[in-house]
file input01.tsv (TSV, C-alpha atoms)
chain	number	residue	atom	x	y	z
W	66	MET	CA	-134.18	-115.53	-159.92
W	67	ARG	CA	-137.67	-116.77	-159.12
W	68	PRO	CA	-140.16	-117.67	-161.86
W	69	PHE	CA	-143.23	-115.47	-161.60
W	70	ARG	CA	-146.81	-115.94	-162.71
W	71	ILE	CA	-149.73	-113.56	-162.30
W	72	GLU	CA	-152.67	-115.23	-160.57
W	73	VAL	CA	-155.19	-112.65	-159.43
W	74	PRO	CA	-157.81	-114.08	-157.04
W	75	GLU	CA	-161.34	-113.94	-158.42
W	76	ALA	CA	-162.37	-112.15	-155.24
W	77	ASP	CA	-160.23	-109.17	-156.28
W	78	LEU	CA	-162.09	-108.89	-159.57
W	79	VAL	CA	-165.45	-109.17	-157.83
W	80	ASP	CA	-164.38	-106.41	-155.45
W	81	LEU	CA	-163.37	-104.20	-158.39
W	82	ARG	CA	-166.73	-104.62	-160.10
W	83	ASP	CA	-168.53	-103.92	-156.83
W	84	ARG	CA	-166.56	-100.73	-156.23
W	85	LEU	CA	-167.25	-99.56	-159.78
W	86	ALA	CA	-170.97	-100.21	-159.34
W	87	ARG	CA	-170.99	-98.09	-156.16
W	88	THR	CA	-169.03	-95.15	-157.57
W	89	ARG	CA	-170.23	-91.82	-156.20
W	90	TRP	CA	-170.14	-89.62	-159.28
W	91	PRO	CA	-169.73	-85.82	-159.27
W	92	GLU	CA	-171.93	-83.48	-161.25
W	93	PRO	CA	-170.95	-82.70	-164.86
W	94	ALA	CA	-168.37	-80.04	-165.57
W	95	THR	CA	-169.68	-76.53	-166.12
W	96	VAL	CA	-168.16	-76.40	-169.60
W	97	GLY	CA	-168.12	-78.90	-172.45
W	98	GLY	CA	-165.32	-81.16	-173.57
W	99	TRP	CA	-162.20	-82.00	-171.54
W	100	THR	CA	-161.42	-78.45	-170.38
W	101	GLN	CA	-162.01	-79.31	-166.71
W	102	GLY	CA	-160.84	-82.91	-167.00
W	103	VAL	CA	-162.48	-86.19	-168.03
W	104	PRO	CA	-166.14	-85.51	-168.98
W	105	LEU	CA	-168.69	-87.24	-166.77
W	106	ASP	CA	-170.40	-89.14	-169.58
W	107	TYR	CA	-167.04	-90.41	-170.87
W	108	ALA	CA	-165.96	-91.51	-167.39
W	109	ARG	CA	-169.23	-93.32	-166.68
W	110	ASP	CA	-169.19	-95.10	-170.02
W	111	LEU	CA	-165.56	-96.19	-169.63
W	112	CYS	CA	-166.08	-97.44	-166.07
W	113	ASP	CA	-169.26	-99.24	-167.11
W	114	HIS	CA	-167.27	-101.02	-169.84
W	115	TRP	CA	-164.61	-101.86	-167.26
W	116	ARG	CA	-167.20	-103.35	-164.93
W	117	ARG	CA	-169.39	-105.22	-167.43
W	118	ARG	CA	-167.32	-106.17	-170.46
W	119	TYR	CA	-163.59	-105.89	-169.78
W	120	ASP	CA	-161.83	-109.25	-169.36
W	121	TRP	CA	-158.77	-109.19	-167.11
W	122	ARG	CA	-158.14	-112.90	-167.62
W	123	ARG	CA	-157.33	-112.19	-171.28
W	124	CYS	CA	-154.56	-109.77	-170.29
W	125	GLU	CA	-153.38	-112.05	-167.50
W	126	ALA	CA	-153.03	-114.93	-169.96
W	127	GLU	CA	-151.22	-112.68	-172.47
W	128	ILE	CA	-148.60	-111.65	-169.92
W	129	ASN	CA	-148.32	-115.15	-168.46
W	130	ALA	CA	-147.53	-116.47	-171.94
W	131	LEU	CA	-144.22	-114.59	-171.65
W	132	PRO	CA	-141.36	-115.70	-169.36
W	133	GLN	CA	-141.50	-113.69	-166.14
W	134	PHE	CA	-139.27	-113.58	-163.09
W	135	CYS	CA	-138.76	-111.75	-159.85
W	136	THR	CA	-135.46	-110.91	-158.20
W	137	SER	CA	-134.29	-108.69	-155.36
W	138	LEU	CA	-132.19	-105.66	-156.32
W	139	ASP	CA	-130.73	-103.03	-154.01
W	140	GLY	CA	-129.46	-100.42	-156.46
W	141	GLY	CA	-126.38	-99.92	-154.31
W	142	GLY	CA	-128.33	-99.27	-151.11
W	143	ASP	CA	-129.03	-101.24	-147.96
W	144	ASP	CA	-132.67	-102.04	-148.66
W	145	GLY	CA	-133.69	-104.05	-151.69
W	146	VAL	CA	-136.91	-104.37	-153.64
W	147	ASP	CA	-138.29	-107.35	-155.51
W	148	VAL	CA	-138.39	-106.42	-159.17
W	149	HIS	CA	-140.79	-108.16	-161.53
W	150	PHE	CA	-139.60	-108.41	-165.12
W	151	LEU	CA	-140.29	-110.09	-168.43
W	152	HIS	CA	-137.30	-111.85	-169.98
W	153	VAL	CA	-138.16	-112.79	-173.55
W	154	ARG	CA	-135.24	-114.28	-175.42
W	155	SER	CA	-135.21	-114.38	-179.19
W	156	ARG	CA	-134.89	-117.73	-180.96
W	157	HIS	CA	-131.82	-116.13	-182.56
W	158	GLU	CA	-129.12	-116.79	-179.96
W	159	ARG	CA	-126.93	-113.94	-181.20
W	160	ALA	CA	-129.65	-111.34	-180.70
W	161	LEU	CA	-128.76	-108.09	-178.92
W	162	PRO	CA	-129.96	-107.85	-175.31
W	163	LEU	CA	-132.27	-104.85	-174.97
W	164	LEU	CA	-133.56	-103.32	-171.74
W	165	LEU	CA	-136.96	-101.60	-172.13
W	166	THR	CA	-138.11	-99.22	-169.37
W	167	HIS	CA	-141.61	-97.79	-169.05
W	168	GLY	CA	-142.72	-94.62	-167.27
W	169	TRP	CA	-145.82	-93.24	-165.56
W	170	PRO	CA	-148.67	-93.90	-166.15
W	171	GLY	CA	-147.23	-96.77	-168.11
W	172	SER	CA	-146.28	-100.34	-167.28
W	173	VAL	CA	-144.91	-103.44	-168.98
W	174	VAL	CA	-148.23	-103.39	-170.88
W	175	GLU	CA	-146.69	-100.62	-173.00
W	176	PHE	CA	-144.46	-103.17	-174.72
W	177	LEU	CA	-146.76	-106.17	-175.17
W	178	ASP	CA	-147.58	-105.25	-178.76
W	179	VAL	CA	-143.92	-104.99	-179.81
W	180	VAL	CA	-142.43	-108.07	-178.14
W	181	GLY	CA	-142.99	-110.36	-181.11
W	182	ALA	CA	-141.60	-107.98	-183.71
W	183	LEU	CA	-138.49	-107.18	-181.66
W	184	THR	CA	-137.63	-110.77	-180.74
W	185	ASP	CA	-138.51	-112.45	-184.04
W	186	PRO	CA	-137.91	-110.00	-186.92
W	187	PRO	CA	-137.79	-110.89	-190.63
W	188	ASP	CA	-134.02	-110.26	-190.55
W	189	PRO	CA	-132.26	-112.14	-187.71
W	190	ALA	CA	-129.71	-109.31	-187.60
W	191	ASP	CA	-132.45	-107.13	-186.07
W	192	ALA	CA	-133.31	-109.56	-183.25
W	193	PHE	CA	-133.33	-108.63	-179.57
W	194	HIS	CA	-133.41	-110.51	-176.29
W	195	LEU	CA	-135.82	-108.38	-174.25
W	196	VAL	CA	-135.66	-107.53	-170.56
W	197	ILE	CA	-138.72	-105.52	-169.48
W	198	PRO	CA	-138.81	-104.68	-165.76
W	199	SER	CA	-141.53	-102.99	-163.75
W	200	LEU	CA	-140.16	-99.94	-161.96
W	201	PRO	CA	-139.97	-100.25	-158.15
W	202	GLY	CA	-143.42	-99.47	-156.78
W	203	TYR	CA	-145.06	-100.23	-160.14
W	204	GLY	CA	-146.91	-103.28	-161.42
W	205	PHE	CA	-145.90	-106.46	-159.66
W	206	SER	CA	-142.58	-105.14	-158.39
W	207	SER	CA	-142.56	-104.54	-154.65
W	208	LYS	CA	-142.97	-101.11	-153.09
W	209	PRO	CA	-139.95	-99.37	-151.56
W	210	ALA	CA	-140.40	-99.13	-147.79
W	211	VAL	CA	-137.97	-96.24	-147.33
W	212	ALA	CA	-137.04	-93.13	-149.28
W	213	GLY	CA	-134.17	-93.11	-151.73
W	214	TRP	CA	-135.44	-95.02	-154.74
W	215	GLY	CA	-134.92	-92.27	-157.28
W	216	VAL	CA	-133.86	-92.39	-160.90
W	217	GLU	CA	-130.13	-92.87	-160.34
W	218	ARG	CA	-130.65	-95.76	-157.92
W	219	ILE	CA	-133.05	-97.46	-160.31
W	220	ALA	CA	-130.43	-97.16	-163.05
W	221	VAL	CA	-127.89	-98.95	-160.85
W	222	ALA	CA	-130.51	-101.62	-160.06
W	223	TRP	CA	-131.11	-102.13	-163.78
W	224	ALA	CA	-127.37	-102.64	-164.28
W	225	GLN	CA	-127.46	-105.22	-161.49
W	226	LEU	CA	-130.37	-106.96	-163.20
W	227	MET	CA	-128.65	-107.15	-166.57
W	228	ASP	CA	-125.46	-108.44	-164.95
W	229	ARG	CA	-127.43	-111.07	-163.06
W	230	LEU	CA	-128.98	-112.19	-166.32
W	231	GLY	CA	-125.50	-112.59	-167.78
W	232	TYR	CA	-125.56	-109.68	-170.21
W	233	ASP	CA	-122.22	-107.86	-170.28
W	234	ARG	CA	-123.14	-105.58	-173.19
W	235	TYR	CA	-126.63	-104.49	-174.11
W	236	GLY	CA	-128.81	-101.72	-175.43
W	237	ALA	CA	-131.42	-99.76	-173.52
W	238	GLN	CA	-134.57	-97.91	-174.56
W	239	GLY	CA	-137.06	-95.75	-172.70
W	240	GLY	CA	-139.63	-92.99	-172.76
W	241	ASP	CA	-141.07	-90.81	-169.98
W	242	TRP	CA	-139.40	-91.90	-166.70
W	243	GLY	CA	-137.93	-94.73	-168.76
W	244	SER	CA	-136.04	-92.12	-170.78
W	245	VAL	CA	-134.69	-90.50	-167.62
W	246	VAL	CA	-133.63	-93.86	-166.13
W	247	THR	CA	-132.03	-94.92	-169.42
W	248	ALA	CA	-130.06	-91.67	-169.66
W	249	ALA	CA	-128.92	-92.12	-166.04
W	250	LEU	CA	-127.80	-95.64	-166.92
W	251	GLY	CA	-125.81	-94.21	-169.82
W	252	SER	CA	-124.09	-91.79	-167.45
W	253	ALA	CA	-123.39	-94.27	-164.67
W	254	ILE	CA	-122.47	-97.49	-166.50
W	255	PRO	CA	-121.48	-96.48	-170.06
W	256	GLU	CA	-119.13	-99.44	-170.47
W	257	ALA	CA	-122.09	-101.86	-170.42
W	258	LEU	CA	-124.07	-100.13	-173.13
W	259	VAL	CA	-123.75	-100.43	-176.88
W	260	GLY	CA	-126.21	-97.54	-177.14
W	261	ILE	CA	-129.45	-96.04	-175.86
W	262	HIS	CA	-132.61	-95.04	-177.72
W	263	LEU	CA	-134.91	-92.39	-176.23
W	264	THR	CA	-138.33	-91.08	-177.18
W	265	MET	CA	-138.40	-88.20	-174.67
W	266	PRO	CA	-134.81	-87.09	-174.09
W	267	MET	CA	-134.27	-84.23	-171.67
W	268	ALA	CA	-131.53	-81.60	-171.62
W	269	LEU	CA	-130.91	-78.06	-170.41
W	270	ARG	CA	-130.83	-75.09	-172.71
W	271	PRO	CA	-127.19	-74.33	-173.58
W	272	ASP	CA	-125.72	-71.20	-172.06
W	273	PRO	CA	-125.04	-69.24	-174.13
W	274	ASP	CA	-127.48	-70.36	-176.81
W	275	ASP	CA	-126.73	-68.36	-179.92
W	276	GLN	CA	-127.85	-70.93	-182.49
W	277	PRO	CA	-131.00	-69.86	-184.36
W	278	LEU	CA	-134.05	-72.08	-184.10
W	279	SER	CA	-135.94	-73.49	-187.05
W	280	ARG	CA	-139.65	-72.82	-187.46
W	281	ASP	CA	-140.45	-76.34	-186.26
W	282	GLU	CA	-138.19	-75.98	-183.22
W	283	LYS	CA	-139.85	-72.72	-182.27
W	284	ALA	CA	-143.28	-74.35	-182.57
W	285	ALA	CA	-142.18	-77.31	-180.46
W	286	LEU	CA	-140.85	-75.04	-177.70
W	287	ALA	CA	-144.08	-73.02	-177.77
W	288	GLU	CA	-146.07	-76.23	-177.30
W	289	ARG	CA	-143.77	-77.20	-174.44
W	290	LYS	CA	-144.34	-73.83	-172.78
W	291	ALA	CA	-148.11	-74.26	-173.06
W	292	PHE	CA	-147.89	-77.77	-171.61
W	293	VAL	CA	-145.82	-76.56	-168.66
W	294	LYS	CA	-148.44	-73.87	-168.00
W	295	VAL	CA	-151.61	-75.99	-168.15
W	296	GLY	CA	-150.55	-79.64	-168.18
W	297	THR	CA	-148.12	-80.19	-165.32
W	298	ALA	CA	-150.31	-79.72	-162.24
W	299	PHE	CA	-150.47	-83.52	-161.90
W	300	ALA	CA	-146.67	-83.69	-161.63
W	301	GLN	CA	-146.51	-80.94	-159.02
W	302	GLU	CA	-149.07	-82.80	-156.90
W	303	GLN	CA	-147.34	-86.15	-157.32
W	304	ALA	CA	-143.96	-84.59	-156.55
W	305	THR	CA	-145.15	-82.91	-153.35
W	306	ARG	CA	-148.12	-84.85	-151.90
W	307	PRO	CA	-148.04	-88.40	-153.30
W	308	GLN	CA	-149.35	-89.95	-150.10
W	309	THR	CA	-152.47	-87.77	-149.96
W	310	LEU	CA	-153.27	-88.35	-153.62
W	311	GLY	CA	-152.55	-92.04	-153.19
W	312	TYR	CA	-155.50	-92.64	-150.85
W	313	GLY	CA	-157.95	-91.91	-153.62
W	314	LEU	CA	-155.98	-93.74	-156.31
W	315	VAL	CA	-155.71	-96.91	-154.22
W	316	ASP	CA	-159.28	-96.87	-152.89
W	317	SER	CA	-161.35	-95.76	-155.87
W	318	PRO	CA	-161.07	-97.47	-159.26
W	319	ALA	CA	-162.99	-94.62	-160.89
W	320	ALA	CA	-160.49	-92.08	-159.50
W	321	LEU	CA	-157.51	-94.16	-160.63
W	322	CYS	CA	-158.94	-94.81	-164.08
W	323	THR	CA	-159.82	-91.19	-164.83
W	324	TRP	CA	-156.51	-89.90	-163.42
W	325	ILE	CA	-154.59	-92.19	-165.78
W	326	VAL	CA	-156.83	-92.09	-168.85
W	327	GLU	CA	-156.82	-88.28	-168.81
W	328	LYS	CA	-153.08	-88.49	-169.51
W	329	PHE	CA	-153.66	-90.83	-172.44
W	330	TRP	CA	-156.13	-88.27	-173.80
W	331	ASP	CA	-153.74	-85.36	-173.33
W	332	TRP	CA	-150.49	-87.03	-174.36
W	333	SER	CA	-151.45	-89.29	-177.26
W	334	GLU	CA	-152.34	-88.43	-180.83
W	335	CYS	CA	-155.97	-89.38	-180.33
W	336	ALA	CA	-158.17	-86.65	-181.88
W	337	GLY	CA	-160.23	-86.27	-178.71
W	338	ASP	CA	-160.70	-89.87	-177.60
W	339	PRO	CA	-157.85	-91.99	-176.20
W	340	ALA	CA	-159.43	-95.08	-177.77
W	341	ASN	CA	-158.66	-93.61	-181.20
W	342	ALA	CA	-154.96	-94.08	-180.45
W	343	ILE	CA	-155.00	-97.13	-178.15
W	344	ARG	CA	-157.85	-99.61	-177.99
W	345	ARG	CA	-160.01	-99.29	-174.90
W	346	ASP	CA	-159.22	-102.69	-173.42
W	347	ARG	CA	-155.47	-102.07	-173.77
W	348	LEU	CA	-155.89	-98.81	-171.85
W	349	LEU	CA	-157.66	-100.73	-169.11
W	350	ASP	CA	-154.94	-103.41	-169.14
W	351	ASP	CA	-152.54	-100.64	-168.14
W	352	VAL	CA	-154.90	-99.30	-165.47
W	353	MET	CA	-155.21	-102.81	-164.02
W	354	LEU	CA	-151.46	-102.96	-163.41
W	355	TYR	CA	-152.00	-100.05	-161.04
W	356	TRP	CA	-155.30	-101.22	-159.53
W	357	LEU	CA	-154.61	-104.88	-158.77
W	358	PRO	CA	-151.28	-104.40	-156.93
W	359	ALA	CA	-152.54	-101.13	-155.37
W	360	THR	CA	-149.65	-99.02	-156.65
W	361	GLY	CA	-151.51	-95.71	-156.92
W	362	ALA	CA	-149.34	-94.17	-154.19
W	363	SER	CA	-146.08	-96.10	-154.58
W	364	SER	CA	-145.81	-95.40	-158.32
W	365	ILE	CA	-146.25	-91.65	-158.13
W	366	ARG	CA	-143.74	-91.46	-155.27
W	367	LEU	CA	-141.06	-91.55	-157.98
W	368	TYR	CA	-142.05	-87.94	-158.68
W	369	TRP	CA	-141.36	-87.05	-155.03
W	370	GLU	CA	-137.99	-88.78	-155.31
W	371	SER	CA	-136.78	-87.37	-158.61
W	372	TYR	CA	-139.03	-84.78	-160.28
W	373	ARG	CA	-137.45	-81.78	-158.59
W	374	ARG	CA	-134.01	-83.35	-158.50
W	375	ARG	CA	-133.61	-84.39	-162.10
W	376	ARG	CA	-129.94	-84.50	-163.05
W	377	MET	CA	-128.66	-83.69	-166.51
W	378	ASP	CA	-125.30	-85.45	-166.41
W	379	PRO	CA	-123.49	-85.83	-169.74
W	380	VAL	CA	-124.17	-89.05	-171.62
W	381	GLU	CA	-121.33	-90.22	-173.84
W	382	VAL	CA	-122.70	-93.55	-175.10
W	383	PRO	CA	-124.08	-93.72	-178.65
W	384	THR	CA	-127.60	-92.29	-178.55
W	385	GLY	CA	-130.60	-92.41	-180.82
W	386	VAL	CA	-133.54	-90.01	-180.54
W	387	THR	CA	-137.00	-90.38	-182.00
W	388	GLN	CA	-139.29	-87.41	-181.42
W	389	PHE	CA	-142.92	-88.20	-182.15
W	390	PRO	CA	-145.09	-85.20	-183.13
W	391	ARG	CA	-147.34	-85.41	-180.03
W	392	GLU	CA	-144.53	-85.96	-177.53
W	393	LEU	CA	-144.80	-83.85	-174.38
W	394	THR	CA	-141.40	-82.25	-174.79
W	395	ARG	CA	-139.56	-81.92	-178.09
W	396	LEU	CA	-136.27	-80.12	-177.60
W	397	PRO	CA	-134.00	-78.64	-180.29
W	398	ARG	CA	-131.37	-81.02	-181.54
W	399	HIS	CA	-128.46	-78.78	-180.54
W	400	TRP	CA	-129.72	-78.70	-176.94
W	401	LEU	CA	-129.69	-82.49	-176.84
W	402	GLU	CA	-126.30	-82.75	-178.57
W	403	ARG	CA	-124.79	-80.76	-175.72
W	404	ARG	CA	-125.83	-83.46	-173.24
W	405	PHE	CA	-125.82	-86.57	-175.45
W	406	THR	CA	-122.40	-86.09	-176.93
W	407	ASP	CA	-122.54	-89.07	-179.31
W	408	LEU	CA	-125.94	-88.48	-180.90
W	409	ARG	CA	-125.89	-90.81	-183.89
W	410	TYR	CA	-129.54	-91.11	-184.86
W	411	TRP	CA	-132.32	-88.53	-185.12
W	412	SER	CA	-135.82	-89.13	-186.42
W	413	GLU	CA	-139.14	-87.29	-186.41
W	414	PRO	CA	-141.94	-89.63	-187.55
W	415	ALA	CA	-145.10	-88.18	-189.03
W	416	VAL	CA	-147.47	-89.76	-186.50
W	417	GLY	CA	-147.52	-90.77	-182.84
W	418	GLY	CA	-147.49	-89.38	-179.33
W	419	HIS	CA	-146.05	-89.97	-175.89
W	420	PHE	CA	-147.07	-93.64	-175.71
W	421	ALA	CA	-145.32	-94.54	-178.95
W	422	SER	CA	-145.04	-98.31	-178.50
W	423	MET	CA	-148.80	-98.50	-177.85
W	424	GLU	CA	-149.99	-95.91	-180.36
W	425	GLN	CA	-147.70	-96.76	-183.27
W	426	PRO	CA	-146.09	-100.14	-182.52
W	427	GLU	CA	-144.85	-100.70	-186.08
W	428	VAL	CA	-143.23	-97.26	-186.27
W	429	PHE	CA	-141.73	-97.73	-182.80
W	430	VAL	CA	-140.21	-101.06	-183.83
W	431	ASP	CA	-138.79	-99.58	-187.03
W	432	GLU	CA	-137.19	-96.74	-185.05
W	433	VAL	CA	-135.59	-99.06	-182.50
W	434	ARG	CA	-134.26	-101.34	-185.23
W	435	ALA	CA	-132.91	-98.43	-187.26
W	436	PHE	CA	-130.87	-96.99	-184.40
W	437	PHE	CA	-129.45	-100.24	-183.09
W	438	ARG	CA	-128.33	-101.27	-186.58
W	439	LEU	CA	-125.81	-98.45	-186.22
W	440	VAL	CA	-124.31	-99.67	-182.96
W	441	ARG	CA	-124.75	-103.44	-182.76
W	442	PRO	CA	-121.50	-105.25	-181.96
W	443	ALA	CA	-120.09	-107.62	-184.54
W	444	THR	CA	-121.92	-110.93	-184.40
W	445	ALA	CA	-118.90	-112.87	-183.23
W	446	ARG	CA	-118.22	-110.51	-180.34
W	447	LEU	CA	-121.86	-110.48	-179.33
W	448	ALA	CA	-121.88	-114.27	-179.24
W	449	ASP	CA	-119.14	-114.19	-176.59
W	450	SER	CA	-121.40	-112.35	-174.14
W	451	ARG	CA	-122.46	-114.32	-171.09
W	452	ARG	CA	-126.06	-115.51	-171.43
W	453	ARG	CA	-128.86	-116.97	-169.35
W	454	HIS	CA	-131.62	-119.30	-170.33
W	455	ASP	CA	-135.30	-118.35	-170.13
W	456	SER	CA	-135.30	-120.10	-166.75
W	457	GLY	CA	-133.42	-117.11	-165.35
W	458	GLY	CA	-130.55	-119.22	-164.05
W	459	ARG	CA	-126.91	-118.33	-164.65
W	460	ALA	CA	-125.55	-119.90	-167.79
W	461	SER	CA	-121.99	-121.01	-168.40
W	462	PRO	CA	-120.24	-119.68	-171.54
W	463	ASP	CA	-121.47	-122.66	-173.54
W	464	GLY	CA	-125.07	-121.98	-172.49
W	465	ARG	CA	-125.44	-124.74	-169.89
W	466	ARG	CA	-126.61	-124.09	-166.31

call {"tool": "encode", "arguments": {"input": "input01.tsv", "output": "structure tokens"}}
result
Amino acid sequence: MRPFRIEVPEADLVDLRDRLARTRWPEPATVGGWTQGVPLDYARDLCDHWRRRYDWRRCEAEINALPQFCTSLDGGGDDGVDVHFLHVRSRHERALPLLLTHGWPGSVVEFLDVVGALTDPPDPADAFHLVIPSLPGYGFSSKPAVAGWGVERIAVAWAQLMDRLGYDRYGAQGGDWGSVVTAALGSAIPEALVGIHLTMPMALRPDPDDQPLSRDEKAALAERKAFVKVGTAFAQEQATRPQTLGYGLVDSPAALCTWIVEKFWDWSECAGDPANAIRRDRLLDDVMLYWLPATGASSIRLYWESYRRRRMDPVEVPTGVTQFPRELTRLPRHWLERRFTDLRYWSEPAVGGHFASMEQPEVFVDEVRAFFRLVRPATARLADSRRRHDSGGRASPDGRR
């Protein structure tokens, strides 16, 4: 375990502002609104804000205020990657370890607004020790040099990480790719998990499926069908030609920003402007975790690795599901029960979209707490778990290095 601190050279920020100032803009779309993608006036205004008023040092200081580390994980293969992660322990020693996994186009930024509430709740019985890694090829984790870093291998790497931190039993939570990785973890290493909580669980339609659908389930499947028809071209491109797309995403900040922010517009409950759901500077914080480490290509390569090879193995660990109304895919409960055979918690909040922890942090925290109250080990047994200090070093059973 190596302590980690983000220290971006000022020259990199100067270069970013210079590139933004020299953006070669296309002509406006031939129709109004977002029908053809991010409108030109919106893109220019956002990039102008990024260049003139956005303050990266604020975000850098916010992340650096949290304990960070880097460690090499191989996920059961021959070649390892250096994984960057936040390890924020609660002041309540008997808190439940919780692994939080982001997706694309997310990052550890997704969880910055919920760290405090999860680690230091009003009721100590709801406390968590948080482990928040950056996926391989994302953020400040290193980029895989060879093929093979798909979802299942990442899940094994996450189990290695939690073991290295001294956590024998823990919970896991994820959305987007984080949901897929968390489900794979539940399939591969169920004995380590007290439970998993998912905001975008995936499952196949049962065959045969003779259970009637409710009106809401029919509407959700209709929305999913529409999204597959008009909203998944990005995934097809990232799953088939990530390298070609990556040249533009790594070289042009305007291309990267609009490629990512379009997804926040489409996938959040934002009433036409992503900033209605997530403040503008927080959106740019997330974009910066792709721009600064130049992960435009390496991050989307996960689609090439796993998008067409997604496995739907049974998951027998206790599972909680929260389906937000603007989630990309909301499947019928009986579909999910076929795969997640111990589905103990189901919730459908009134507000929120795909980026739940950023859009509705208080609701997200309430949902996570509510599920894990059902599966937390008894306090005495939890206290017997091996633990590590914030330093990242291995702790003895009595907590000493």

call {"tool": "atom_distance", "arguments": {"input": "input01.tsv", "atom1": "CA of Glu381 in chain W", "atom2": "CA of His149 in chain W"}}
result
29.2 Å

call {"tool": "atom_distance", "arguments": {"input": "input01.tsv", "atom1": "CA of Asn129 in chain W", "atom2": "CA of Arg156 in chain W"}}
result
18.5 Å

call {"tool": "closest_residue", "arguments": {"input": "input01.tsv", "among": "W:Pro273, W:Leu310, W:Gln388, W:Leu151", "to": "Arg403 in chain W", "atoms": "only C-alpha atoms"}}
result
W:Pro273

call {"tool": "atom_distance", "arguments": {"input": "input01.tsv", "atom1": "CA of Arg116 in chain W", "atom2": "CA of Gly97 in chain W"}}
result
25.6 Å

call {"tool": "residues_around", "arguments": {"input": "input01.tsv", "residues": "Glu256 in chain W", "least_positions_apart": "4", "cutoff": "9 Å", "atoms": "all atoms listed in the file", "output": "list in words"}}
result
Asp233, Arg234, Gly251 and Val382 of chain W

call {"tool": "closest_atom_pairs", "arguments": {"input": "input01.tsv", "of": "range 239-262 of chain W", "to": "range 200-219 of chain W", "cutoff": "8 Å", "atoms": "only C-alpha atoms", "output": "tab-separated table"}}
result
residue	atom	partner	partner_atom	distance
W:Val245	CA	W:Val216	CA	7.0
W:Val246	CA	W:Val216	CA	5.4
W:Ala249	CA	W:Glu217	CA	5.9
W:Leu250	CA	W:Glu217	CA	7.5

call {"tool": "residues_around", "arguments": {"input": "input01.tsv", "residues": "Thr247 in chain W", "least_positions_apart": "2", "cutoff": "9 Å", "atoms": "all atoms listed in the file", "output": "PyMOL selection string"}}
result
chain W and resi 164-166+220+237-240+242-245+249-252+261-263

call {"tool": "axis_aligned_box", "arguments": {"input": "input01.tsv", "around": "range 424-429 of chain W", "padding_each_side": "8 Å", "output": "JSON"}}
result
{"center_x": -145.9, "center_y": -98.3, "center_z": -183.3, "size_x": 24.3, "size_y": 20.8, "size_z": 21.9}

call {"tool": "residues_around", "arguments": {"input": "input01.tsv", "residues": "range 72-81 of chain W", "least_positions_apart": "2", "cutoff": "8 Å", "atoms": "only C-alpha atoms", "output": "count of residues only"}}
result
8

call {"tool": "closest_residue", "arguments": {"input": "input01.tsv", "among": "W:Gly313, W:Pro414, W:Pro68, W:Gly260", "to": "Gly361 in chain W", "atoms": "all atoms listed in the file"}}
result
W:Gly313

call {"tool": "closest_residue", "arguments": {"input": "input01.tsv", "among": "W:Ala362, W:Ala291, W:Val433, W:Ala253", "to": "Val221 in chain W", "atoms": "only C-alpha atoms"}}
result
W:Ala253

call {"tool": "closest_residue", "arguments": {"input": "input01.tsv", "among": "W:Cys135, W:Leu321, W:Ala284, W:Ala192", "to": "Arg434 in chain W", "atoms": "all atoms listed in the file"}}
result
W:Ala192

call {"tool": "closest_residue", "arguments": {"input": "input01.tsv", "among": "W:Met377, W:Leu396, W:Met66, W:Leu349", "to": "Arg118 in chain W", "atoms": "all atoms listed in the file"}}
result
W:Leu349

call {"tool": "residues_around", "arguments": {"input": "input01.tsv", "residues": "Arg404 in chain W", "least_positions_apart": "5", "cutoff": "7 Å", "atoms": "all atoms listed in the file", "output": "ChimeraX atom specification"}}
result
/W:268,379-380

call {"tool": "write_last_selection", "arguments": {"input": "input01.tsv", "atoms": "C-alpha atoms", "output": "mmCIF file, keeping the file's coordinate frame"}}
result
data_model
loop_
_atom_site.group_PDB
_atom_site.id
_atom_site.type_symbol
_atom_site.label_atom_id
_atom_site.label_comp_id
_atom_site.auth_asym_id
_atom_site.auth_seq_id
_atom_site.Cartn_x
_atom_site.Cartn_y
_atom_site.Cartn_z
ATOM 1 C CA ALA W 268 -131.530 -81.600 -171.620
ATOM 2 C CA PRO W 379 -123.490 -85.830 -169.740
ATOM 3 C CA VAL W 380 -124.170 -89.050 -171.620
#

call {"tool": "residues_around", "arguments": {"input": "input01.tsv", "residues": "Thr184 in chain W", "least_positions_apart": "2", "cutoff": "9 Å", "atoms": "all atoms listed in the file", "output": "ChimeraX atom specification"}}
result
/W:153-157,160,179-182,186,189,191-195
